[in-house]
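Printed here is final_3.txt (compact mmCIF, C-alpha atoms):
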```txt
# COMPACT_ATOMS: atom_id res chain seq x y z
CA MET A 1 -0.41 22.07 -14.58
CA LEU A 2 0.23 21.41 -10.89
CA LYS A 3 -2.76 22.64 -8.89
CA LYS A 4 -2.79 24.77 -5.76
CA ARG A 5 -4.03 22.70 -2.84
CA ILE A 6 -6.94 23.50 -0.52
CA ILE A 7 -6.39 21.78 2.81
CA PRO A 8 -8.93 21.66 5.65
CA CYS A 9 -7.34 21.08 9.07
CA LEU A 10 -9.11 19.10 11.81
CA ASP A 11 -8.11 19.59 15.44
CA ILE A 12 -8.44 16.31 17.30
CA LYS A 13 -8.84 15.77 21.03
CA GLU A 14 -9.37 12.25 22.38
CA GLY A 15 -10.39 11.02 18.94
CA ARG A 16 -12.99 13.74 18.30
CA THR A 17 -12.91 17.00 16.37
CA VAL A 18 -12.66 19.82 18.83
CA LYS A 19 -14.49 22.70 17.27
CA GLY A 20 -18.11 22.03 16.48
CA VAL A 21 -19.39 22.03 12.96
CA ASN A 22 -22.74 23.09 11.59
CA PHE A 23 -23.13 20.98 8.50
CA ILE A 24 -26.64 19.71 8.19
CA ASP A 25 -25.65 16.77 6.02
CA ILE A 26 -23.30 15.18 8.48
CA ILE A 27 -24.58 12.80 11.10
CA ASP A 28 -22.09 13.26 13.90
CA ALA A 29 -20.34 16.62 13.79
CA GLY A 30 -17.72 15.56 16.30
CA ASP A 31 -16.65 12.49 14.35
CA PRO A 32 -13.45 13.28 12.44
CA VAL A 33 -14.07 10.40 10.00
CA GLU A 34 -17.49 11.80 9.00
CA LEU A 35 -16.03 15.25 8.53
CA ALA A 36 -13.03 13.93 6.60
CA LYS A 37 -15.29 12.00 4.25
CA LEU A 38 -17.42 15.05 3.62
CA TYR A 39 -14.38 17.21 2.83
CA ALA A 40 -12.98 14.55 0.51
CA GLU A 41 -16.31 14.33 -1.34
CA GLN A 42 -16.44 18.12 -1.56
CA GLY A 43 -13.11 18.21 -3.35
CA ALA A 44 -10.58 18.99 -0.61
CA ASP A 45 -7.13 18.19 -2.00
CA GLU A 46 -5.64 16.93 1.23
CA LEU A 47 -6.46 16.84 4.93
CA VAL A 48 -4.46 17.55 8.07
CA PHE A 49 -5.32 16.01 11.44
CA LEU A 50 -3.73 17.70 14.40
CA ASP A 51 -3.83 15.89 17.74
CA ILE A 52 -3.92 18.82 20.15
CA THR A 53 -3.74 16.77 23.32
CA ALA A 54 -1.09 14.36 22.11
CA THR A 55 -0.59 12.52 25.38
CA ILE A 56 0.68 8.96 25.61
CA GLU A 57 -2.68 7.60 26.72
CA ASN A 58 -4.41 9.28 23.77
CA ARG A 59 -1.92 7.81 21.31
CA LYS A 60 -3.87 4.58 20.84
CA THR A 61 -7.05 6.55 20.20
CA LEU A 62 -5.22 8.55 17.55
CA ILE A 63 -3.83 5.42 15.88
CA ASN A 64 -7.34 3.92 15.77
CA LEU A 65 -8.62 7.11 14.23
CA VAL A 66 -5.87 7.14 11.59
CA GLU A 67 -6.74 3.55 10.66
CA LYS A 68 -10.41 4.48 10.25
CA VAL A 69 -9.63 7.58 8.19
CA ALA A 70 -7.30 5.57 5.94
CA ARG A 71 -10.05 3.03 5.29
CA GLU A 72 -12.64 5.66 4.45
CA ILE A 73 -11.01 8.48 2.49
CA ASN A 74 -9.41 8.47 -0.94
CA ILE A 75 -7.20 11.57 -0.73
CA PRO A 76 -3.85 12.07 1.06
CA PHE A 77 -3.74 13.07 4.70
CA THR A 78 -1.18 14.30 7.21
CA VAL A 79 -1.17 13.60 10.94
CA GLY A 80 0.56 15.81 13.49
CA GLY A 81 0.84 16.44 17.20
CA GLY A 82 3.23 15.08 19.78
CA ILE A 83 5.53 13.23 17.38
CA ASN A 84 8.95 12.75 18.99
CA SER A 85 10.58 9.75 17.35
CA VAL A 86 10.94 7.43 14.38
CA LYS A 87 8.82 4.96 16.37
CA ASP A 88 5.93 7.44 16.68
CA VAL A 89 5.99 8.03 12.93
CA SER A 90 6.27 4.35 12.12
CA ALA A 91 3.03 3.66 14.02
CA LEU A 92 1.18 6.44 12.18
CA ILE A 93 2.44 5.43 8.72
CA LYS A 94 1.57 1.80 9.40
CA ALA A 95 -1.91 2.91 10.41
CA GLY A 96 -2.24 4.59 7.01
CA ALA A 97 -1.11 8.22 7.33
CA ASP A 98 0.53 9.53 4.15
CA LYS A 99 2.59 12.20 5.87
CA VAL A 100 3.38 13.32 9.39
CA SER A 101 3.83 16.82 10.67
CA VAL A 102 6.52 17.57 13.26
CA ASN A 103 7.17 20.84 15.07
CA SER A 104 8.60 21.31 18.60
CA SER A 105 10.47 17.99 18.63
CA VAL A 106 12.58 18.89 15.59
CA VAL A 107 13.39 22.36 16.89
CA LYS A 108 14.74 20.60 19.97
CA ARG A 109 16.56 17.97 17.91
CA PRO A 110 16.84 18.90 14.21
CA ALA A 111 18.54 15.57 13.35
CA LEU A 112 15.13 13.91 13.74
CA ILE A 113 14.15 15.44 10.37
CA SER A 114 16.96 13.53 8.62
CA GLU A 115 16.20 10.36 10.55
CA LEU A 116 12.57 10.50 9.45
CA ALA A 117 13.45 11.37 5.85
CA ASN A 118 15.91 8.47 5.66
CA GLU A 119 13.48 6.00 7.16
CA PHE A 120 10.24 7.02 5.41
CA GLY A 121 11.30 9.31 2.56
CA SER A 122 11.21 13.10 2.42
CA GLN A 123 7.68 13.06 0.99
CA CYS A 124 6.41 11.84 4.38
CA VAL A 125 8.01 14.58 6.43
CA VAL A 126 6.16 17.85 6.87
CA VAL A 127 7.77 20.34 9.24
CA ALA A 128 5.32 22.79 10.78
CA ILE A 129 6.64 26.22 11.72
CA ASP A 130 4.72 28.45 14.13
CA SER A 131 6.00 31.90 13.28
CA LYS A 132 5.35 35.24 15.02
CA PHE A 133 6.41 38.74 14.11
CA VAL A 134 8.11 40.19 17.21
CA ASN A 135 10.52 43.14 17.37
CA ASN A 136 10.57 43.43 13.59
CA GLU A 137 11.52 39.80 13.06
CA TRP A 138 9.63 36.61 12.20
CA LYS A 139 10.65 34.26 15.01
CA VAL A 140 9.97 30.54 15.47
CA PHE A 141 7.78 29.54 18.40
CA VAL A 142 7.30 26.04 19.85
CA LYS A 143 5.02 24.16 22.24
CA GLY A 144 1.83 25.27 20.57
CA GLY A 145 3.10 28.84 20.29
CA ARG A 146 3.77 29.25 24.00
CA GLU A 147 7.55 29.37 23.84
CA GLU A 148 9.74 31.70 21.78
CA THR A 149 12.98 30.33 20.34
CA SER A 150 16.04 32.20 19.13
CA LEU A 151 15.45 30.96 15.57
CA LEU A 152 14.53 33.23 12.69
CA THR A 153 11.79 31.74 10.52
CA THR A 154 13.77 32.07 7.29
CA ASP A 155 16.92 30.48 8.76
CA TRP A 156 14.93 27.61 10.19
CA ALA A 157 13.06 27.05 6.90
CA LYS A 158 16.36 26.75 5.02
CA LYS A 159 17.73 24.34 7.63
CA ILE A 160 14.58 22.22 7.45
CA GLU A 161 15.00 21.87 3.70
CA GLU A 162 18.69 20.95 4.03
CA LEU A 163 17.85 18.27 6.61
CA GLY A 164 15.50 16.56 4.16
CA ALA A 165 11.95 17.68 4.92
CA GLY A 166 9.50 17.31 2.03
CA GLU A 167 7.21 20.20 2.86
CA ILE A 168 6.79 23.17 5.20
CA LEU A 169 3.53 24.07 6.90
CA LEU A 170 3.94 27.72 7.81
CA THR A 171 1.52 29.23 10.34
CA SER A 172 1.57 32.90 11.16
CA MET A 173 0.57 33.24 14.81
CA ASN A 174 -0.14 36.94 14.25
CA ASN A 175 -2.75 36.10 11.64
CA ASP A 176 -4.12 32.85 13.07
CA GLY A 177 -7.71 33.29 14.21
CA THR A 178 -8.00 36.85 12.88
CA LYS A 179 -9.70 35.97 9.57
CA ALA A 180 -7.84 38.98 8.15
CA GLY A 181 -5.89 36.98 5.58
CA PHE A 182 -2.68 34.96 5.37
CA ALA A 183 0.65 36.58 6.30
CA LEU A 184 1.70 37.30 2.72
CA ASP A 185 5.14 38.75 3.49
CA ILE A 186 6.65 35.84 5.43
CA THR A 187 4.80 33.26 3.30
CA ASN A 188 6.26 34.85 0.19
CA GLU A 189 9.74 35.06 1.68
CA VAL A 190 9.82 31.44 2.86
CA SER A 191 8.11 29.99 -0.24
CA LYS A 192 10.67 31.67 -2.52
CA LEU A 193 13.62 30.83 -0.29
CA VAL A 194 13.13 27.07 -0.25
CA ASN A 195 12.56 24.68 -3.16
CA ILE A 196 10.17 22.39 -1.28
CA PRO A 197 6.41 23.10 -1.17
CA VAL A 198 5.18 25.57 1.45
CA ILE A 199 1.61 25.46 2.77
CA ALA A 200 0.27 28.77 4.10
CA SER A 201 -1.75 28.67 7.30
CA GLY A 202 -3.38 31.14 9.67
CA GLY A 203 -5.75 33.98 8.92
CA ALA A 204 -8.03 32.68 6.16
CA GLY A 205 -11.41 34.36 6.45
CA LYS A 206 -12.51 35.10 2.90
CA LYS A 207 -12.22 33.50 -0.52
CA GLU A 208 -10.04 36.42 -1.62
CA HIS A 209 -7.45 35.50 1.02
CA PHE A 210 -6.74 32.30 -0.89
CA SER A 211 -6.40 34.07 -4.24
CA ASP A 212 -4.05 36.56 -2.53
CA VAL A 213 -1.80 33.84 -1.12
CA PHE A 214 -1.72 31.99 -4.46
CA THR A 215 -1.01 35.06 -6.60
CA LYS A 216 1.25 37.05 -4.26
CA THR A 217 3.38 34.22 -2.85
CA ALA A 218 4.80 30.91 -4.10
CA ALA A 219 2.72 28.87 -1.61
CA SER A 220 1.66 25.47 -2.94
CA GLY A 221 -1.42 25.22 -0.75
CA GLY A 222 -3.62 27.02 1.73
CA LEU A 223 -4.74 25.49 5.00
CA ALA A 224 -7.70 26.58 7.11
CA ALA A 225 -9.98 25.19 9.80
CA SER A 226 -12.90 27.24 11.03
CA ILE A 227 -14.06 28.69 7.70
CA PHE A 228 -14.58 25.15 6.47
CA HIS A 229 -15.93 23.66 9.72
CA PHE A 230 -18.54 26.34 10.20
CA GLY A 231 -19.57 26.20 6.58
CA GLU A 232 -18.66 29.87 6.12
CA ILE A 233 -16.86 29.03 2.91
CA PRO A 234 -17.63 25.53 1.69
CA VAL A 235 -14.74 23.90 -0.21
CA PRO A 236 -16.62 23.69 -3.56
CA ILE A 237 -17.57 27.40 -3.47
CA LEU A 238 -13.99 28.39 -2.65
CA LYS A 239 -12.62 26.24 -5.47
CA ASP A 240 -15.14 27.57 -8.01
CA TYR A 241 -14.21 31.12 -7.04
CA LEU A 242 -10.46 30.44 -7.41
CA LYS A 243 -11.06 28.91 -10.85
CA THR A 244 -12.82 32.10 -11.98
CA GLU A 245 -9.73 33.96 -10.74
CA ASN A 246 -7.66 31.80 -13.11
CA ILE A 247 -5.81 30.02 -10.34
CA ALA A 248 -4.85 26.41 -11.08
CA ILE A 249 -7.32 24.44 -8.98
CA ARG A 250 -8.53 20.84 -9.18
CA MET B 1 -10.40 -12.60 -8.08
CA LYS B 2 -7.11 -13.02 -6.19
CA ILE B 3 -5.22 -9.74 -5.82
CA ALA B 4 -1.70 -9.73 -4.40
CA ILE B 5 0.05 -6.57 -3.24
CA ILE B 6 3.79 -7.08 -3.15
CA LYS B 7 5.19 -6.39 0.29
CA TYR B 8 8.62 -4.82 0.51
CA ASN B 9 10.30 -2.16 2.60
CA ALA B 10 8.26 0.71 1.20
CA GLY B 11 5.84 2.80 3.19
CA ASN B 12 2.07 2.96 3.28
CA ILE B 13 1.19 -0.16 1.30
CA ARG B 14 -2.01 -0.42 3.31
CA SER B 15 -3.52 2.54 1.48
CA VAL B 16 -3.53 0.46 -1.73
CA GLN B 17 -5.30 -2.37 0.08
CA ASN B 18 -7.84 0.11 1.50
CA ALA B 19 -8.52 1.55 -1.95
CA ILE B 20 -9.09 -1.92 -3.42
CA LYS B 21 -11.42 -2.73 -0.56
CA ARG B 22 -13.45 0.42 -1.28
CA LEU B 23 -13.93 -1.00 -4.80
CA GLY B 24 -15.31 -4.18 -3.24
CA PHE B 25 -12.31 -6.51 -3.56
CA GLU B 26 -10.15 -8.28 -1.00
CA SER B 27 -6.37 -8.44 -1.43
CA ILE B 28 -3.37 -9.88 0.34
CA ILE B 29 -0.10 -8.11 1.14
CA THR B 30 2.68 -10.62 0.67
CA ASP B 31 6.32 -11.21 -0.29
CA ASN B 32 5.70 -14.92 -0.74
CA THR B 33 6.67 -15.75 -4.33
CA GLU B 34 4.11 -18.58 -4.66
CA GLU B 35 1.24 -16.36 -3.50
CA ILE B 36 2.31 -13.70 -5.99
CA LYS B 37 2.54 -16.17 -8.88
CA LYS B 38 -0.93 -17.55 -8.11
CA ALA B 39 -2.69 -14.17 -8.03
CA ASP B 40 -4.94 -12.94 -10.87
CA LYS B 41 -3.72 -9.37 -10.45
CA VAL B 42 -0.50 -8.16 -8.87
CA ILE B 43 0.14 -4.67 -7.53
CA PHE B 44 3.68 -3.43 -6.95
CA PRO B 45 3.25 -0.26 -4.88
CA GLY B 46 5.55 1.87 -2.85
CA VAL B 47 6.98 5.09 -1.73
CA GLY B 48 10.56 5.07 -0.55
CA GLU B 49 14.12 4.97 -1.73
CA ALA B 50 15.13 3.01 -4.86
CA SER B 51 18.38 1.27 -3.85
CA SER B 52 17.17 -0.10 -0.50
CA ALA B 53 13.92 -1.22 -2.15
CA MET B 54 15.84 -3.06 -4.93
CA LYS B 55 18.12 -4.67 -2.34
CA TYR B 56 15.13 -6.06 -0.45
CA ILE B 57 13.45 -7.22 -3.66
CA LYS B 58 16.57 -9.12 -4.74
CA GLU B 59 17.10 -10.66 -1.32
CA LYS B 60 13.58 -12.06 -1.41
CA GLY B 61 13.97 -13.29 -5.01
CA LEU B 62 11.11 -11.01 -6.01
CA ASP B 63 13.03 -9.54 -8.97
CA VAL B 64 12.93 -12.81 -10.89
CA VAL B 65 9.31 -13.46 -9.94
CA ILE B 66 8.05 -9.99 -10.93
CA CYS B 67 9.72 -10.13 -14.35
CA SER B 68 8.29 -13.60 -15.03
CA LEU B 69 4.65 -12.72 -14.25
CA LYS B 70 2.10 -13.19 -17.05
CA GLN B 71 -0.98 -11.76 -15.30
CA PRO B 72 -1.68 -7.99 -15.21
CA VAL B 73 0.80 -6.19 -12.92
CA LEU B 74 0.41 -2.59 -11.77
CA GLY B 75 3.42 -0.69 -10.44
CA ILE B 76 2.69 2.48 -8.48
CA CYS B 77 5.08 5.41 -7.88
CA LEU B 78 8.38 3.81 -6.77
CA GLY B 79 6.98 0.62 -8.28
CA LEU B 80 6.98 2.28 -11.72
CA GLN B 81 10.52 3.55 -11.21
CA LEU B 82 11.80 0.13 -10.16
CA MET B 83 10.28 -1.38 -13.32
CA CYS B 84 12.50 0.92 -15.44
CA ARG B 85 16.11 0.19 -16.48
CA SER B 86 17.88 2.25 -13.85
CA SER B 87 17.40 5.09 -11.40
CA GLU B 88 19.64 8.02 -10.62
CA GLU B 89 18.55 7.63 -7.01
CA ASN B 90 21.71 6.17 -5.48
CA LYS B 91 22.64 4.83 -8.97
CA THR B 92 20.32 1.85 -8.80
CA GLU B 93 20.03 -0.90 -11.42
CA CYS B 94 16.32 -1.67 -11.65
CA LEU B 95 14.18 -4.45 -13.15
CA GLY B 96 14.43 -3.28 -16.78
CA ILE B 97 10.85 -4.05 -17.81
CA PHE B 98 10.43 -0.58 -19.30
CA ASP B 99 13.07 0.85 -21.58
CA SER B 100 13.40 4.09 -19.65
CA LYS B 101 15.77 5.74 -17.21
CA VAL B 102 14.67 7.40 -13.98
CA LYS B 103 16.17 10.83 -13.32
CA LEU B 104 16.04 13.53 -10.67
CA PHE B 105 13.91 16.57 -11.55
CA PRO B 106 16.06 19.64 -12.26
CA PRO B 107 15.33 22.22 -9.51
CA GLU B 108 13.55 24.68 -11.81
CA GLU B 109 10.34 24.37 -9.82
CA LYS B 110 9.67 23.00 -6.37
CA VAL B 111 10.84 19.42 -5.86
CA PRO B 112 9.21 17.05 -4.90
CA HIS B 113 6.45 17.33 -7.48
CA MET B 114 3.73 17.12 -4.87
CA GLY B 115 0.01 17.50 -5.41
CA TRP B 116 -2.63 17.17 -8.13
CA ASN B 117 -1.75 17.38 -11.79
CA ASN B 118 -3.50 16.57 -15.08
CA PHE B 119 -2.21 14.86 -18.24
CA ASP B 120 -0.75 16.03 -21.53
CA SER B 121 -2.08 12.81 -23.00
CA VAL B 122 -3.55 9.48 -21.95
CA SER B 123 -4.05 6.25 -23.91
CA GLY B 124 -4.90 2.60 -23.46
CA SER B 125 -7.42 0.57 -21.51
CA LEU B 126 -5.98 1.62 -18.15
CA PHE B 127 -7.26 5.13 -18.91
CA LYS B 128 -10.72 4.14 -20.17
CA ASN B 129 -13.10 7.05 -19.39
CA ILE B 130 -10.20 9.26 -18.23
CA ASN B 131 -9.51 12.60 -19.91
CA ASP B 132 -6.44 14.82 -20.19
CA GLU B 133 -7.92 17.38 -17.79
CA ASP B 134 -8.49 14.86 -14.99
CA ASP B 135 -6.21 15.41 -12.00
CA VAL B 136 -4.36 12.71 -10.09
CA TYR B 137 -2.10 12.89 -7.04
CA TYR B 138 1.70 12.81 -7.34
CA VAL B 139 4.52 12.76 -4.79
CA HIS B 140 7.95 12.20 -6.32
CA SER B 141 11.35 13.78 -6.88
CA TYR B 142 12.48 11.38 -9.63
CA TYR B 143 10.71 10.84 -12.95
CA ALA B 144 10.79 8.23 -15.73
CA GLU B 145 11.78 9.55 -19.15
CA ILE B 146 9.29 9.22 -21.95
CA CYS B 147 9.88 6.08 -24.02
CA GLU B 148 7.99 3.76 -26.40
CA GLN B 149 6.09 2.24 -23.49
CA THR B 150 4.79 5.55 -22.17
CA LEU B 151 1.00 5.35 -21.84
CA ALA B 152 0.28 8.77 -20.34
CA ILE B 153 2.31 11.96 -20.11
CA CYS B 154 2.34 14.56 -17.35
CA ASN B 155 4.22 17.84 -17.57
CA TYR B 156 6.00 19.25 -14.52
CA ILE B 157 9.29 21.03 -15.20
CA LEU B 158 9.42 18.70 -18.22
CA PRO B 159 7.18 16.08 -19.83
CA PHE B 160 7.61 12.67 -18.15
CA SER B 161 5.93 9.24 -18.06
CA ALA B 162 2.79 9.46 -15.92
CA ALA B 163 2.03 5.86 -16.84
CA MET B 164 3.70 3.06 -18.79
CA GLN B 165 2.76 -0.28 -20.27
CA LYS B 166 4.59 -3.22 -21.79
CA ASP B 167 2.51 -6.35 -22.43
CA ASN B 168 0.95 -7.30 -19.08
CA PHE B 169 3.02 -4.77 -17.12
CA TYR B 170 1.34 -1.47 -16.26
CA ALA B 171 2.60 1.31 -14.00
CA THR B 172 1.60 4.78 -12.82
CA GLN B 173 3.86 7.46 -11.37
CA PHE B 174 0.86 8.99 -9.58
CA HIS B 175 -1.03 7.37 -6.71
CA PRO B 176 -4.41 6.09 -7.96
CA GLU B 177 -5.17 4.96 -4.40
CA LYS B 178 -5.01 8.60 -3.26
CA SER B 179 -6.52 10.23 -6.34
CA ALA B 180 -10.18 10.42 -5.29
CA SER B 181 -12.78 9.26 -7.84
CA ILE B 182 -10.41 9.51 -10.85
CA GLY B 183 -7.95 7.20 -9.11
CA GLU B 184 -10.76 4.77 -8.30
CA LYS B 185 -11.69 4.64 -12.00
CA ILE B 186 -8.09 3.85 -12.97
CA LEU B 187 -7.78 1.11 -10.33
CA LYS B 188 -11.09 -0.32 -11.48
CA ASN B 189 -9.88 -0.26 -15.09
CA PHE B 190 -6.82 -2.23 -13.99
CA LEU B 191 -8.87 -4.79 -12.08
CA GLU B 192 -11.09 -5.25 -15.16
CA LEU B 193 -8.15 -5.96 -17.51
```
Take the structure from the file and write it as structure tokens.
Amino acid sequence: MLKKRIIPCLDIKEGRTVKGVNFIDIIDAGDPVELAKLYAEQGADELVFLDITATIENRKTLINLVEKVAREINIPFTVGGGINSVKDVSALIKAGADKVSVNSSVVKRPALISELANEFGSQCVVVAIDSKFVNNEWKVFVKGGREETSLLTTDWAKKIEELGAGEILLTSMNNDGTKAGFALDITNEVSKLVNIPVIASGGAGKKEHFSDVFTKTAASGGLAASIFHFGEIPVPILKDYLKTENIAIR
Amino acid sequence: MKIAIIKYNAGNIRSVQNAIKRLGFESIITDNTEEIKKADKVIFPGVGEASSAMKYIKEKGLDVVICSLKQPVLGICLGLQLMCRSSEENKTECLGIFDSKVKLFPPEEKVPHMGWNNFDSVSGSLFKNINDEDDVYYVHSYYAEICEQTLAICNYILPFSAAMQKDNFYATQFHPEKSASIGEKILKNFLEL
């Protein structure tokens, strides 16, 4: 049976993880490679690295980091942040990334999704949607959630699939950082609307939030950052819990 | 031991080289037919699209070389599909090592089949110390039908070939190089053949 995926997300700034971590068994808490290795050993199913500065001068640092991660870890990983072109993606894939995550650049120019899918295959192309519930509608936001677009989340999700994306990473801005649980309504709607995998993101604070998103929506995976980084819910404890809840987990 | 990874226009070949290095072996990535013939083990990896991959392989004369190899060969993902008779992906004639056709998954569940899945059955030396409940990582929209040469079966939407073998030719639909410790065991089993 295909398993539901547990995906820690690492925010990267100038080659370092941004939020601190409090694991005692890791030597350098700011080193993304150390953290990635630990998560892989703990049974994380996949990792996401998000370059939150994503400036041209930091690009080389990111590429170096991707090369190091690819040498060290034996599970798939996605890299996102500031990707605008086929050339950007080519550099990341060559460095060893399995998938890339695009967001604002494809809202601006949706054809980039098809270009990337044609060049690297759909399986490489993750489209991240930052979604926010405003005036009774789930709208798409870009530029790190600072700018509202006219797009409805469901319409955009359908379009993304048609253009050839392999996966959707759906973040609810309303839930992100609240630790009150994933946005089950929009996650359910999007994950049943499209036939490509949808990863739920934003709001994970308890183990139960993962069982909720896996039983009440068709999400293929759950992504979180702080609960893993701060050791609040270690990956093995979360996975053991989900197994006792009879959810398909590796 | 000389290990050659066949270079063609398919993405992320480096991850196979990295995985082999983690097992303590060096390898070369090459499309040079002499280098490939000389190697003790040959890996035919790849993610990508079938018809453009076959076109490249034929242009480089790699089709003839791959089929003539006598040492252990391991196809991975698209590599497995290209070792079959044909693929529905852009109606591609493939290498015909395995007597199986590659088809698109019917859209009864999410496609691509992406993530970790276990086996219905495993057999053979490639799967030494591997059990049915072990999970490995898949990313694919096309699958190889089950045939006589099927070595392991996975079930997603329908049962399909998770791995195949004919003589010295082995192939996995999943990515051992991305399948954590289970994948490492399978790669090690291959290198010990």
Pull the closest atom pair for each residue of chain A that gets at most 8 Å from chain B, along with the distance in Å to one decimal, counting only C-alpha atoms, ordering rows by chain and then ascending residue number, as CSV.
```
residue,atom,partner,partner_atom,distance
A:Met1,CA,B:Asn117,CA,5.6
A:Leu2,CA,B:Asn117,CA,4.6
A:Lys3,CA,B:Trp116,CA,5.5
A:Lys4,CA,B:Gly115,CA,7.8
A:Arg5,CA,B:Gly115,CA,7.1
A:Ala40,CA,B:Ala180,CA,7.7
A:Asp45,CA,B:Trp116,CA,7.7
A:Ala70,CA,B:Ser15,CA,6.6
A:Arg71,CA,B:Asn18,CA,5.3
A:Glu72,CA,B:Arg22,CA,7.8
A:Asn74,CA,B:Ala180,CA,4.8
A:Ile75,CA,B:Lys178,CA,4.5
A:Pro76,CA,B:Lys178,CA,5.7
A:Ile93,CA,B:Asn12,CA,6.0
A:Lys94,CA,B:Asn12,CA,6.2
A:Ala95,CA,B:Arg14,CA,7.8
A:Gly96,CA,B:Asn12,CA,5.9
A:Ala97,CA,B:Asn12,CA,7.4
A:Asp98,CA,B:Asn12,CA,6.8
A:Phe120,CA,B:Gly48,CA,6.3
A:Gly121,CA,B:Gly48,CA,5.3
A:Gln123,CA,B:Val139,CA,6.6
A:Gly166,CA,B:Pro112,CA,6.9
A:Asn195,CA,B:Lys110,CA,4.6
A:Ile196,CA,B:Lys110,CA,5.2
A:Pro197,CA,B:Lys110,CA,6.1
A:Arg250,CA,B:Asp135,CA,6.5
```
Which residues are near Val66 in chain A? Cut-off 12 Å, all atoms listed in the file, ignore same chain within fewer than 2 positions. Put them as a VMD selection string.
(chain A and resid 12 15 to 16 32 to 33 36 47 to 51 59 to 64 68 to 73 76 to 80 89 91 to 100) or (chain B and resid 14 to 15)
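One finds CA of Gln173 in chain B at 28.8 Å from CA of Ser201 in chain A.
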Do you have the CA of Phe105 in chain B-CA of Phe174 in chain B distance handy?
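Interatomic distance here is 15.2 Å.
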Please provide as a PyMOL selection string all residues within 12 Å of Glu34 in chain B, with the sequence filter that same-chain residues fewer than 2 positions apart are discarded (counting all atoms listed in the file).
chain B and resi 4+6+30-32+36-39+60-62+65-66+69
To one decimal place, how far is CA of Gln149 in chain B from CA of Ile3 in chain B in Å?
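Value for the CA of Gln149 in chain B-CA of Ile3 in chain B distance: 24.2 Å.
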Residues near Val64 in chain B, anyone? I mean within 10 Å using all atoms listed in the file, not counting same-chain ones fewer than 6 positions away, as a list in words.
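That gives Thr33, Ile57, Lys58 and Leu95 of chain B.
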So, with all atoms listed in the file as the atoms that count, which of A:Gly164, A:Pro8, A:Gly145, A:Gly181 lies closest to His209 in chain A?
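Distance minimum relative to His209 in chain A lands on A:Gly181.
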Might you pull out every residue within 7 Å of Cys94 in chain B, with all atoms listed in the file counted and same-chain residues fewer than 3 positions away left off, and present them as a list in words?
Met54, Leu82, Met83, Cys84, Arg85, Ser86 and Ser87 of chain B
Go ahead and save the picked residues with C-alpha atoms, as a compact mmCIF listing (two decimals), keeping the file's coordinate frame.
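That gives us selection27.txt:
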```
# COMPACT_ATOMS: atom_id res chain seq x y z
CA MET B 54 15.84 -3.06 -4.93
CA LEU B 82 11.80 0.13 -10.16
CA MET B 83 10.28 -1.38 -13.32
CA CYS B 84 12.50 0.92 -15.44
CA ARG B 85 16.11 0.19 -16.48
CA SER B 86 17.88 2.25 -13.85
CA SER B 87 17.40 5.09 -11.40
```
Which residues are near Gly144 in chain A? Cut-off 12 Å, all atoms listed in the file, ignore same chain within fewer than 5 positions. Put them as an MDAnalysis selection string.
chainID A and resid 50:54 80:82 102:105 128:132 171 173
